[in-house]
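Okay, my_file_20.cif now, which holds mmCIF, C-alpha atoms:
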data_run
#
loop_
_atom_site.label_atom_id
_atom_site.label_comp_id
_atom_site.auth_asym_id
_atom_site.auth_seq_id
_atom_site.Cartn_x
_atom_site.Cartn_y
_atom_site.Cartn_z
CA MET A 1 129.56 112.28 119.31
CA ASN A 2 129.33 108.58 118.45
CA MET A 3 126.23 107.31 120.27
CA ASP A 4 127.78 103.83 120.42
CA VAL A 5 130.71 105.03 122.53
CA LYS A 6 130.13 104.23 126.19
CA LYS A 7 130.95 106.72 128.94
CA LYS A 8 133.76 105.30 131.09
CA ILE A 9 133.12 105.74 134.82
CA SER A 10 135.69 104.52 137.33
CA TYR A 11 134.63 103.66 140.85
CA LEU A 12 136.00 102.30 144.11
CA GLY A 13 135.84 98.56 143.66
CA PRO A 14 135.96 95.64 143.53
CA PRO A 15 132.51 94.90 142.05
CA GLY A 16 129.84 94.68 144.74
CA THR A 17 130.91 97.65 146.89
CA PHE A 18 128.60 100.35 148.20
CA THR A 19 130.22 102.66 145.66
CA GLU A 20 128.97 100.45 142.84
CA GLU A 21 125.51 100.43 144.43
CA ALA A 22 125.59 104.24 144.44
CA LEU A 23 126.71 104.28 140.81
CA ASP A 24 123.92 101.92 139.80
CA LYS A 25 121.38 104.13 141.56
CA PHE A 26 122.56 107.18 139.61
CA ILE A 27 122.94 105.65 136.14
CA LYS A 28 119.79 106.06 134.05
CA ASP A 29 120.96 104.04 131.02
CA PRO A 30 123.34 101.19 132.04
CA ASP A 31 123.91 100.22 128.39
CA ARG A 32 125.61 103.59 127.78
CA VAL A 33 128.11 103.24 130.64
CA GLU A 34 131.26 101.16 131.08
CA LYS A 35 131.96 100.69 134.80
CA ILE A 36 135.66 100.35 135.65
CA PRO A 37 136.58 99.32 139.22
CA PHE A 38 139.80 100.44 140.92
CA THR A 39 141.09 99.27 144.29
CA THR A 40 141.84 102.71 145.79
CA VAL A 41 140.34 106.22 145.84
CA VAL A 42 143.65 107.56 144.51
CA GLU A 43 143.46 105.35 141.42
CA VAL A 44 139.87 106.39 140.71
CA ILE A 45 140.66 110.12 140.85
CA LYS A 46 143.94 109.77 138.92
CA SER A 47 142.14 107.84 136.17
CA VAL A 48 140.07 111.00 135.59
CA ASP A 49 143.12 113.27 135.83
CA ARG A 50 144.91 111.23 133.16
CA GLY A 51 141.87 111.09 130.89
CA ASN A 52 141.67 107.31 131.08
CA THR A 53 138.06 107.59 132.27
CA ASP A 54 135.40 110.25 131.72
CA GLU A 55 134.22 110.35 135.32
CA GLY A 56 134.91 108.69 138.66
CA LEU A 57 132.84 107.96 141.76
CA VAL A 58 134.30 107.90 145.28
CA PRO A 59 132.92 108.12 148.84
CA ILE A 60 133.48 111.46 150.60
CA GLU A 61 131.33 111.44 153.74
CA ASN A 62 129.49 109.02 156.04
CA SER A 63 126.79 110.10 158.48
CA ILE A 64 128.34 108.03 161.29
CA GLU A 65 132.06 107.84 160.58
CA GLY A 66 132.45 111.35 159.14
CA SER A 67 134.56 112.43 156.19
CA VAL A 68 136.63 110.13 153.99
CA ASN A 69 139.95 111.89 154.47
CA ILE A 70 141.79 110.29 151.55
CA THR A 71 139.19 111.61 149.10
CA GLN A 72 139.40 115.13 150.54
CA ASP A 73 143.20 115.14 150.56
CA ILE A 74 143.65 113.93 146.99
CA LEU A 75 141.17 116.50 145.66
CA ALA A 76 142.72 119.29 147.74
CA PHE A 77 146.42 118.62 147.26
CA GLU A 78 147.08 116.21 144.38
CA SER A 79 144.41 116.61 141.71
CA GLU A 80 142.90 119.24 139.45
CA ALA A 81 139.76 117.16 138.88
CA LYS A 82 136.46 118.71 139.94
CA ILE A 83 133.42 117.41 141.77
CA ILE A 84 130.64 117.34 139.16
CA GLY A 85 127.84 115.62 141.05
CA GLU A 86 126.86 113.66 144.13
CA VAL A 87 124.70 110.76 145.21
CA VAL A 88 123.63 109.68 148.70
CA ILE A 89 122.61 106.12 149.56
CA PRO A 90 121.61 104.36 152.78
CA VAL A 91 124.16 101.88 154.08
CA LYS A 92 122.34 98.54 154.23
CA HIS A 93 124.30 95.47 155.32
CA SER A 94 123.26 91.90 154.59
CA LEU A 95 124.41 88.63 156.12
CA ILE A 96 125.32 86.46 153.14
CA GLY A 97 125.99 82.74 152.84
CA ASN A 98 126.61 80.05 150.26
CA LYS A 99 123.18 78.82 151.25
CA LYS A 100 120.56 79.82 153.79
CA ILE A 101 121.40 78.32 157.18
CA LYS A 102 120.36 78.97 160.75
CA LEU A 103 122.29 81.71 162.54
CA LYS A 104 123.35 79.34 165.32
CA ASN A 105 125.22 77.20 162.76
CA ILE A 106 127.46 80.03 161.52
CA LYS A 107 131.02 79.63 162.83
CA LYS A 108 132.85 82.44 160.99
CA ILE A 109 131.96 85.90 159.68
CA ILE A 110 134.07 87.66 157.04
CA SER A 111 133.82 91.39 156.40
CA HIS A 112 135.52 94.78 156.46
CA PRO A 113 136.06 95.99 160.07
CA HIS A 114 133.80 99.03 159.46
CA ALA A 115 130.94 96.75 158.44
CA THR A 116 131.29 94.42 161.41
CA ALA A 117 131.47 97.46 163.70
CA GLN A 118 128.26 98.83 162.17
CA CYS A 119 126.53 95.48 162.82
CA ARG A 120 127.87 94.99 166.34
CA LYS A 121 124.47 94.62 168.04
CA PHE A 122 123.24 92.04 165.54
CA ILE A 123 126.46 90.03 165.84
CA SER A 124 126.38 90.21 169.65
CA ALA A 125 122.76 89.06 169.79
CA ASN A 126 122.86 86.36 167.12
CA LEU A 127 126.46 85.38 166.33
CA LYS A 128 128.40 85.98 169.54
CA ASP A 129 130.33 82.70 169.26
CA ALA A 130 131.30 83.18 165.61
CA GLU A 131 134.89 84.09 164.70
CA VAL A 132 135.14 87.46 162.95
CA ILE A 133 137.67 87.62 160.08
CA ALA A 134 138.74 90.94 158.51
CA ALA A 135 138.70 91.57 154.75
CA ASN A 136 139.87 94.56 152.71
CA SER A 137 136.28 95.37 151.68
CA THR A 138 132.79 93.97 152.02
CA ALA A 139 132.92 93.03 148.34
CA GLU A 140 136.14 91.08 148.85
CA ALA A 141 134.57 89.33 151.84
CA VAL A 142 131.69 88.09 149.70
CA LYS A 143 134.10 86.98 146.98
CA ILE A 144 136.14 85.02 149.55
CA LEU A 145 132.94 83.45 150.89
CA LYS A 146 132.41 81.71 147.57
CA ARG A 147 135.37 79.43 148.41
CA GLU A 148 134.36 78.75 152.02
CA ASN A 149 132.28 76.09 153.74
CA ASP A 150 128.56 76.54 154.32
CA ASP A 151 129.08 77.43 158.00
CA VAL A 152 130.90 80.65 157.00
CA ALA A 153 129.03 83.90 156.30
CA ALA A 154 129.98 87.37 155.08
CA ILE A 155 128.59 90.84 155.72
CA GLY A 156 128.20 92.75 152.46
CA THR A 157 125.84 94.32 149.95
CA LYS A 158 122.89 92.82 148.14
CA THR A 159 124.74 93.72 144.92
CA ALA A 160 127.70 91.54 145.90
CA ALA A 161 125.41 88.63 146.79
CA LYS A 162 123.79 88.92 143.37
CA ILE A 163 127.14 89.14 141.53
CA TYR A 164 128.50 85.98 143.16
CA LYS A 165 125.14 84.16 143.14
CA LEU A 166 125.00 83.73 146.92
CA GLU A 167 122.12 83.68 149.40
CA ILE A 168 121.04 86.49 151.73
CA ILE A 169 120.53 84.93 155.16
CA GLU A 170 119.42 88.18 156.86
CA LYS A 171 119.01 91.64 155.35
CA ASP A 172 119.34 95.09 156.95
CA ILE A 173 121.41 93.93 159.93
CA GLU A 174 123.07 97.31 160.53
CA ASP A 175 122.66 98.85 164.01
CA ASN A 176 121.84 102.35 162.74
CA LYS A 177 119.05 102.37 160.16
CA ASP A 178 119.77 106.01 159.28
CA ASN A 179 123.40 105.40 158.27
CA LYS A 180 124.08 107.03 154.88
CA THR A 181 127.11 107.65 152.71
CA ARG A 182 127.61 110.55 150.32
CA PHE A 183 129.56 109.85 147.13
CA VAL A 184 130.89 112.40 144.65
CA PHE A 185 131.37 112.16 140.90
CA ILE A 186 134.74 113.43 139.70
CA GLY A 187 135.21 115.08 136.29
CA ASN A 188 137.00 117.99 134.67
CA SER A 189 134.50 120.85 134.58
CA ILE A 190 132.36 123.21 136.61
CA GLN A 191 128.75 122.16 136.07
CA PRO A 192 126.10 124.68 134.92
CA GLN A 193 123.71 126.24 137.41
CA THR A 194 120.54 124.30 138.20
CA GLY A 195 119.15 126.45 141.02
CA ILE A 196 119.76 123.66 143.55
CA ASP A 197 123.54 123.50 143.72
CA ARG A 198 126.44 122.94 146.06
CA THR A 199 129.94 124.43 145.86
CA SER A 200 133.00 122.83 147.49
CA ILE A 201 136.15 124.86 148.18
CA VAL A 202 139.43 124.67 150.09
CA CYS A 203 140.84 127.74 151.84
CA PHE A 204 144.62 127.84 152.23
CA LEU A 205 146.03 130.47 154.60
CA LYS A 206 148.70 132.68 153.04
CA GLU A 207 149.86 133.41 156.57
CA ASP A 208 148.68 132.27 159.97
CA ARG A 209 146.95 134.91 162.02
CA PRO A 210 144.45 135.05 164.91
CA GLY A 211 140.79 134.77 163.94
CA SER A 212 141.42 133.13 160.56
CA LEU A 213 138.41 130.81 160.75
CA TYR A 214 136.20 133.56 162.17
CA ASN A 215 137.08 135.82 159.24
CA ILE A 216 136.03 133.11 156.79
CA LEU A 217 132.73 132.39 158.52
CA LYS A 218 131.99 136.12 158.84
CA GLU A 219 132.12 136.63 155.08
CA PHE A 220 129.69 133.77 154.42
CA ALA A 221 127.33 134.95 157.16
CA LYS A 222 127.29 138.52 155.80
CA ARG A 223 125.98 137.15 152.48
CA ASP A 224 123.49 134.75 154.05
CA ILE A 225 125.27 131.72 152.54
CA ASN A 226 124.57 128.41 154.26
CA LEU A 227 127.58 126.19 155.04
CA THR A 228 126.71 122.50 154.81
CA ARG A 229 130.16 121.21 155.79
CA LEU A 230 133.22 122.74 157.45
CA GLU A 231 136.37 120.83 158.33
CA SER A 232 140.02 121.54 158.95
CA ARG A 233 142.69 119.26 157.51
CA PRO A 234 146.48 119.30 157.98
CA ALA A 235 148.08 121.45 155.28
CA LYS A 236 150.82 118.85 154.63
CA LYS A 237 153.45 121.41 155.65
CA ASN A 238 154.37 122.42 159.18
CA LEU A 239 152.79 120.89 162.25
CA GLY A 240 149.83 123.04 163.23
CA ASP A 241 149.17 124.35 159.71
CA TYR A 242 145.66 123.63 158.45
CA VAL A 243 143.42 124.19 155.46
CA PHE A 244 139.65 124.61 155.67
CA MET A 245 137.38 122.36 153.58
CA ILE A 246 134.02 124.04 153.02
CA ASP A 247 130.77 123.05 151.28
CA VAL A 248 128.14 125.75 150.75
CA ASP A 249 124.67 125.94 149.30
CA GLY A 250 124.76 127.73 145.96
CA HIS A 251 126.72 127.81 142.72
CA LEU A 252 130.05 129.43 141.94
CA HIS A 253 128.27 131.65 139.40
CA ASP A 254 125.68 132.85 141.92
CA ASP A 255 126.52 136.47 142.71
CA ASN A 256 126.85 135.99 146.46
CA VAL A 257 129.02 132.85 146.21
CA PHE A 258 131.27 134.37 143.54
CA ASP A 259 131.60 137.54 145.62
CA VAL A 260 132.59 135.79 148.85
CA ILE A 261 135.29 133.76 147.08
CA GLU A 262 136.75 136.93 145.53
CA VAL A 263 136.74 138.64 148.93
CA LEU A 264 138.55 135.71 150.56
CA ARG A 265 141.11 135.63 147.76
CA ARG A 266 141.88 139.33 148.21
CA SER A 267 142.55 138.88 151.91
CA VAL A 268 144.70 136.13 153.37
CA TYR A 269 143.49 133.07 151.54
CA ILE A 270 144.21 130.99 148.48
CA VAL A 271 140.87 129.48 147.47
CA LYS A 272 140.79 126.29 145.40
CA ILE A 273 137.47 125.43 143.79
CA LEU A 274 136.76 121.71 144.13
CA GLY A 275 133.52 121.97 142.18
CA SER A 276 130.07 123.48 141.69
CA TYR A 277 127.47 120.81 141.00
CA PRO A 278 123.81 119.80 141.45
CA LYS A 279 122.83 118.73 144.96
CA TRP A 280 121.52 115.20 145.28
CA THR A 281 117.79 114.88 145.77
CA GLU A 282 115.87 111.64 146.11
CA LYS A 283 113.37 112.65 143.43
CA LYS A 284 115.99 112.20 140.70
#
Go through the file and emit its structure as structure tokens.
Amino acid sequence: MNMDVKKKISYLGPPGTFTEEALDKFIKDPDRVEKIPFTTVVEVIKSVDRGNTDEGLVPIENSIEGSVNITQDILAFESEAKIIGEVVIPVKHSLIGNKKIKLKNIKKIISHPHATAQCRKFISANLKDAEVIAANSTAEAVKILKRENDDVAAIGTKTAAKIYKLEIIEKDIEDNKDNKTRFVFIGNSIQPQTGIDRTSIVCFLKEDRPGSLYNILKEFAKRDINLTRLESRPAKKNLGDYVFMIDVDGHLHDDNVFDVIEVLRRSVYIVKILGSYPKWTEKK
């Protein structure tokens, strides 16, 4: 392999998003990576499917807002790409301006509705008279701010403020200090066992029958396999048809995980493997 060739990693952009912050936290050698932003989760995953990029990074779960449904649906129904890794970062919002000004002088706030909702208490206490303007992303809000007057502020990431050379008026203004988002790396392979792994699967019912979910859970419980996430999603067919999205501790090649998947496949389920990959730990 040519050591001068950079690994291409697509991510949910534009530059300055939380996804880029997560990518920067994971990358050990920035000079060996070419970051390529896309405007939608679909484009990120499809760039990996088509071979245009080596890997992709997309959000899949937030500790407050729950799962990112578009990511789950594309991986389950429209892509053969696999989850090859994950990274978890705290969601830290900053109030950003063209220059540092007093809060009472701010007349408008630009941001994504999720961000303004997550900073509701701060806005209510300090900026209750300011007009709130919606943007497509926090990164776009900061980019727009560059063209605005000094009495306009944006809620976004420290990364975005640095990219556009803007000032942070207040940092960590989010209401919930424990808010975190989990991101997954998308690739085209099952990762080798590390001993601290996670496996993500989707169970499709071959036919609807009473006790379907119970029968799934029973097989995992019998093998002492810990489920870290369980969700049902519409099966994109008839109303009332669902698939089960499941994350478990362990690797596909662990005997107990391999065995439970084979058992489910022999009964009433089609099991799609979304990936086996190392679990994120802060010590990395």
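On the file presented, the PyMOL selection byres ((chain A and resi 163) around 12) picks out Pro14, Pro15, Gly16, Thr17, Glu20, Glu21, Ala139, Glu140, Val142, Lys143, Lys146, Gly156, Thr157, Lys158, Thr159, Ala160, Ala161, Lys162, Tyr164, Lys165, Leu166 and Glu167 of chain A.
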**Q.** Nearest to A:Ile45, chosen from A:Asn69, A:Ser189, A:Ser200, A:Ser10, with only C-alpha atoms counted in the distances
**A.** A:Ser10
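Put simply, atom CA of A:Leu205 is 23.9 Å away from atom CA of A:Gly66.
Proximity of A:Ile216, A:Ile96, A:Leu274, A:Ile60 to A:Gly187, computed with only C-alpha atoms, is greatest for A:Leu274.
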Q) Quick one, how far is atom CA of A:Ala125 from atom CA of A:Ile173? A) 11.1 Å
Q) Which one of A:Ala22, A:Leu127, A:Ile201, A:Ala134 sits closest to A:Ala76 if you count all atoms listed in the file? A) A:Ile201
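Each of A:Leu57, A:Leu227, A:Val152, A:Ile109 was compared to A:Leu23 using only C-alpha atoms, and A:Leu57 turns out to be the nearest.
From atom CA of A:Ile169 back to atom CA of A:Lys108, the distance works out to 13.9 Å.
By chain and then residue number, the residues within 12 Å of A:Asn105 are Gly97, Lys99, Lys100, Ile101, Lys102, Leu103, Lys107, Lys108, Ile109, Asn126, Leu127, Lys128, Asp129, Ala130, Asn149, Asp150, Asp151, Val152, Ala153 and Ile169 of chain A, counting all atoms listed in the file and disregarding those fewer than 2 positions away in sequence.
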Q: Can you turn the PyMOL selection byres ((chain A and resi 85) around 7) into a concrete residue list for this file, as an NGL selection string?
A: :A and (83-84 or 86 or 184-185 or 277-278)
Q. Which polymer residues have any atom within 9 Å of an atom of A:Val42, counting only C-alpha atoms, with same-chain residues fewer than 5 positions away left out, as a PyMOL selection string?
A. chain A and resi 47+70-71+74
Complete the atom set of stretch 89-121 of chain A to N, CA and C atoms and return it as a PDB file, in the frame of the given file.
ATOM      1  N   ILE A  89     123.360 107.370 149.415  1.00  0.00           N
ATOM      2  CA  ILE A  89     122.610 106.120 149.560  1.00  0.00           C
ATOM      3  C   ILE A  89     122.634 105.661 151.013  1.00  0.00           C
ATOM      4  N   PRO A  90     121.585 104.965 151.445  1.00  0.00           N
ATOM      5  CA  PRO A  90     121.610 104.360 152.780  1.00  0.00           C
ATOM      6  C   PRO A  90     122.576 103.190 152.803  1.00  0.00           C
ATOM      7  N   VAL A  91     123.236 102.997 153.928  1.00  0.00           N
ATOM      8  CA  VAL A  91     124.160 101.880 154.080  1.00  0.00           C
ATOM      9  C   VAL A  91     123.389 100.709 154.670  1.00  0.00           C
ATOM     10  N   LYS A  92     123.110  99.723 153.822  1.00  0.00           N
ATOM     11  CA  LYS A  92     122.340  98.540 154.230  1.00  0.00           C
ATOM     12  C   LYS A  92     123.226  97.306 154.140  1.00  0.00           C
ATOM     13  N   HIS A  93     123.461  96.665 155.288  1.00  0.00           N
ATOM     14  CA  HIS A  93     124.300  95.470 155.320  1.00  0.00           C
ATOM     15  C   HIS A  93     123.450  94.205 155.322  1.00  0.00           C
ATOM     16  N   SER A  94     123.927  93.195 154.620  1.00  0.00           N
ATOM     17  CA  SER A  94     123.260  91.900 154.590  1.00  0.00           C
ATOM     18  C   SER A  94     124.208  90.809 155.083  1.00  0.00           C
ATOM     19  N   LEU A  95     123.644  89.826 155.754  1.00  0.00           N
ATOM     20  CA  LEU A  95     124.410  88.630 156.120  1.00  0.00           C
ATOM     21  C   LEU A  95     124.230  87.628 154.984  1.00  0.00           C
ATOM     22  N   ILE A  96     125.345  87.231 154.389  1.00  0.00           N
ATOM     23  CA  ILE A  96     125.320  86.460 153.140  1.00  0.00           C
ATOM     24  C   ILE A  96     125.983  85.100 153.352  1.00  0.00           C
ATOM     25  N   GLY A  97     125.417  84.077 152.738  1.00  0.00           N
ATOM     26  CA  GLY A  97     125.990  82.740 152.840  1.00  0.00           C
ATOM     27  C   GLY A  97     125.961  82.002 151.516  1.00  0.00           C
ATOM     28  N   ASN A  98     126.670  80.885 151.458  1.00  0.00           N
ATOM     29  CA  ASN A  98     126.610  80.050 150.260  1.00  0.00           C
ATOM     30  C   ASN A  98     125.232  79.412 150.114  1.00  0.00           C
ATOM     31  N   LYS A  99     124.574  79.242 151.248  1.00  0.00           N
ATOM     32  CA  LYS A  99     123.180  78.820 151.250  1.00  0.00           C
ATOM     33  C   LYS A  99     122.544  79.335 152.538  1.00  0.00           C
ATOM     34  N   LYS A 100     121.239  79.346 152.589  1.00  0.00           N
ATOM     35  CA  LYS A 100     120.560  79.820 153.790  1.00  0.00           C
ATOM     36  C   LYS A 100     120.676  78.778 154.895  1.00  0.00           C
ATOM     37  N   ILE A 101     121.282  79.216 156.032  1.00  0.00           N
ATOM     38  CA  ILE A 101     121.400  78.320 157.180  1.00  0.00           C
ATOM     39  C   ILE A 101     120.966  79.073 158.426  1.00  0.00           C
ATOM     40  N   LYS A 102     120.744  78.348 159.497  1.00  0.00           N
ATOM     41  CA  LYS A 102     120.360  78.970 160.750  1.00  0.00           C
ATOM     42  C   LYS A 102     121.537  79.752 161.334  1.00  0.00           C
ATOM     43  N   LEU A 103     121.232  80.851 161.990  1.00  0.00           N
ATOM     44  CA  LEU A 103     122.290  81.710 162.540  1.00  0.00           C
ATOM     45  C   LEU A 103     123.179  80.953 163.520  1.00  0.00           C
ATOM     46  N   LYS A 104     122.580  80.062 164.292  1.00  0.00           N
ATOM     47  CA  LYS A 104     123.350  79.340 165.320  1.00  0.00           C
ATOM     48  C   LYS A 104     124.401  78.411 164.703  1.00  0.00           C
ATOM     49  N   ASN A 105     124.270  78.108 163.417  1.00  0.00           N
ATOM     50  CA  ASN A 105     125.220  77.200 162.760  1.00  0.00           C
ATOM     51  C   ASN A 105     126.385  77.922 162.081  1.00  0.00           C
ATOM     52  N   ILE A 106     126.385  79.248 162.140  1.00  0.00           N
ATOM     53  CA  ILE A 106     127.460  80.030 161.520  1.00  0.00           C
ATOM     54  C   ILE A 106     128.664  80.098 162.467  1.00  0.00           C
ATOM     55  N   LYS A 107     129.821  79.673 161.988  1.00  0.00           N
ATOM     56  CA  LYS A 107     131.020  79.630 162.830  1.00  0.00           C
ATOM     57  C   LYS A 107     131.991  80.773 162.552  1.00  0.00           C
ATOM     58  N   LYS A 108     131.928  81.343 161.334  1.00  0.00           N
ATOM     59  CA  LYS A 108     132.850  82.440 160.990  1.00  0.00           C
ATOM     60  C   LYS A 108     132.081  83.519 160.227  1.00  0.00           C
ATOM     61  N   ILE A 109     132.515  84.765 160.427  1.00  0.00           N
ATOM     62  CA  ILE A 109     131.960  85.900 159.680  1.00  0.00           C
ATOM     63  C   ILE A 109     133.127  86.663 159.057  1.00  0.00           C
ATOM     64  N   ILE A 110     133.033  86.906 157.751  1.00  0.00           N
ATOM     65  CA  ILE A 110     134.070  87.660 157.040  1.00  0.00           C
ATOM     66  C   ILE A 110     133.501  89.014 156.634  1.00  0.00           C
ATOM     67  N   SER A 111     134.237  90.091 156.901  1.00  0.00           N
ATOM     68  CA  SER A 111     133.820  91.390 156.400  1.00  0.00           C
ATOM     69  C   SER A 111     134.891  92.449 156.682  1.00  0.00           C
ATOM     70  N   HIS A 112     134.656  93.649 156.146  1.00  0.00           N
ATOM     71  CA  HIS A 112     135.520  94.780 156.460  1.00  0.00           C
ATOM     72  C   HIS A 112     135.235  95.201 157.910  1.00  0.00           C
ATOM     73  N   PRO A 113     136.265  95.616 158.656  1.00  0.00           N
ATOM     74  CA  PRO A 113     136.060  95.990 160.070  1.00  0.00           C
ATOM     75  C   PRO A 113     134.989  97.060 160.270  1.00  0.00           C
ATOM     76  N   HIS A 114     134.846  98.014 159.336  1.00  0.00           N
ATOM     77  CA  HIS A 114     133.800  99.030 159.460  1.00  0.00           C
ATOM     78  C   HIS A 114     132.412  98.391 159.433  1.00  0.00           C
ATOM     79  N   ALA A 115     132.247  97.405 158.565  1.00  0.00           N
ATOM     80  CA  ALA A 115     130.940  96.750 158.440  1.00  0.00           C
ATOM     81  C   ALA A 115     130.609  95.949 159.687  1.00  0.00           C
ATOM     82  N   THR A 116     131.567  95.202 160.194  1.00  0.00           N
ATOM     83  CA  THR A 116     131.290  94.420 161.410  1.00  0.00           C
ATOM     84  C   THR A 116     131.014  95.354 162.596  1.00  0.00           C
ATOM     85  N   ALA A 117     131.711  96.483 162.632  1.00  0.00           N
ATOM     86  CA  ALA A 117     131.470  97.460 163.700  1.00  0.00           C
ATOM     87  C   ALA A 117     130.060  98.042 163.599  1.00  0.00           C
ATOM     88  N   GLN A 118     129.588  98.254 162.379  1.00  0.00           N
ATOM     89  CA  GLN A 118     128.260  98.830 162.170  1.00  0.00           C
ATOM     90  C   GLN A 118     127.143  97.810 162.393  1.00  0.00           C
ATOM     91  N   CYS A 119     127.519  96.539 162.554  1.00  0.00           N
ATOM     92  CA  CYS A 119     126.530  95.480 162.820  1.00  0.00           C
ATOM     93  C   CYS A 119     126.797  94.816 164.176  1.00  0.00           C
ATOM     94  N   ARG A 120     127.425  95.543 165.061  1.00  0.00           N
ATOM     95  CA  ARG A 120     127.870  94.990 166.340  1.00  0.00           C
ATOM     96  C   ARG A 120     126.722  94.391 167.158  1.00  0.00           C
ATOM     97  N   LYS A 121     125.600  95.091 167.228  1.00  0.00           N
ATOM     98  CA  LYS A 121     124.470  94.620 168.040  1.00  0.00           C
ATOM     99  C   LYS A 121     123.892  93.324 167.488  1.00  0.00           C
TER     100      LYS A 121
END
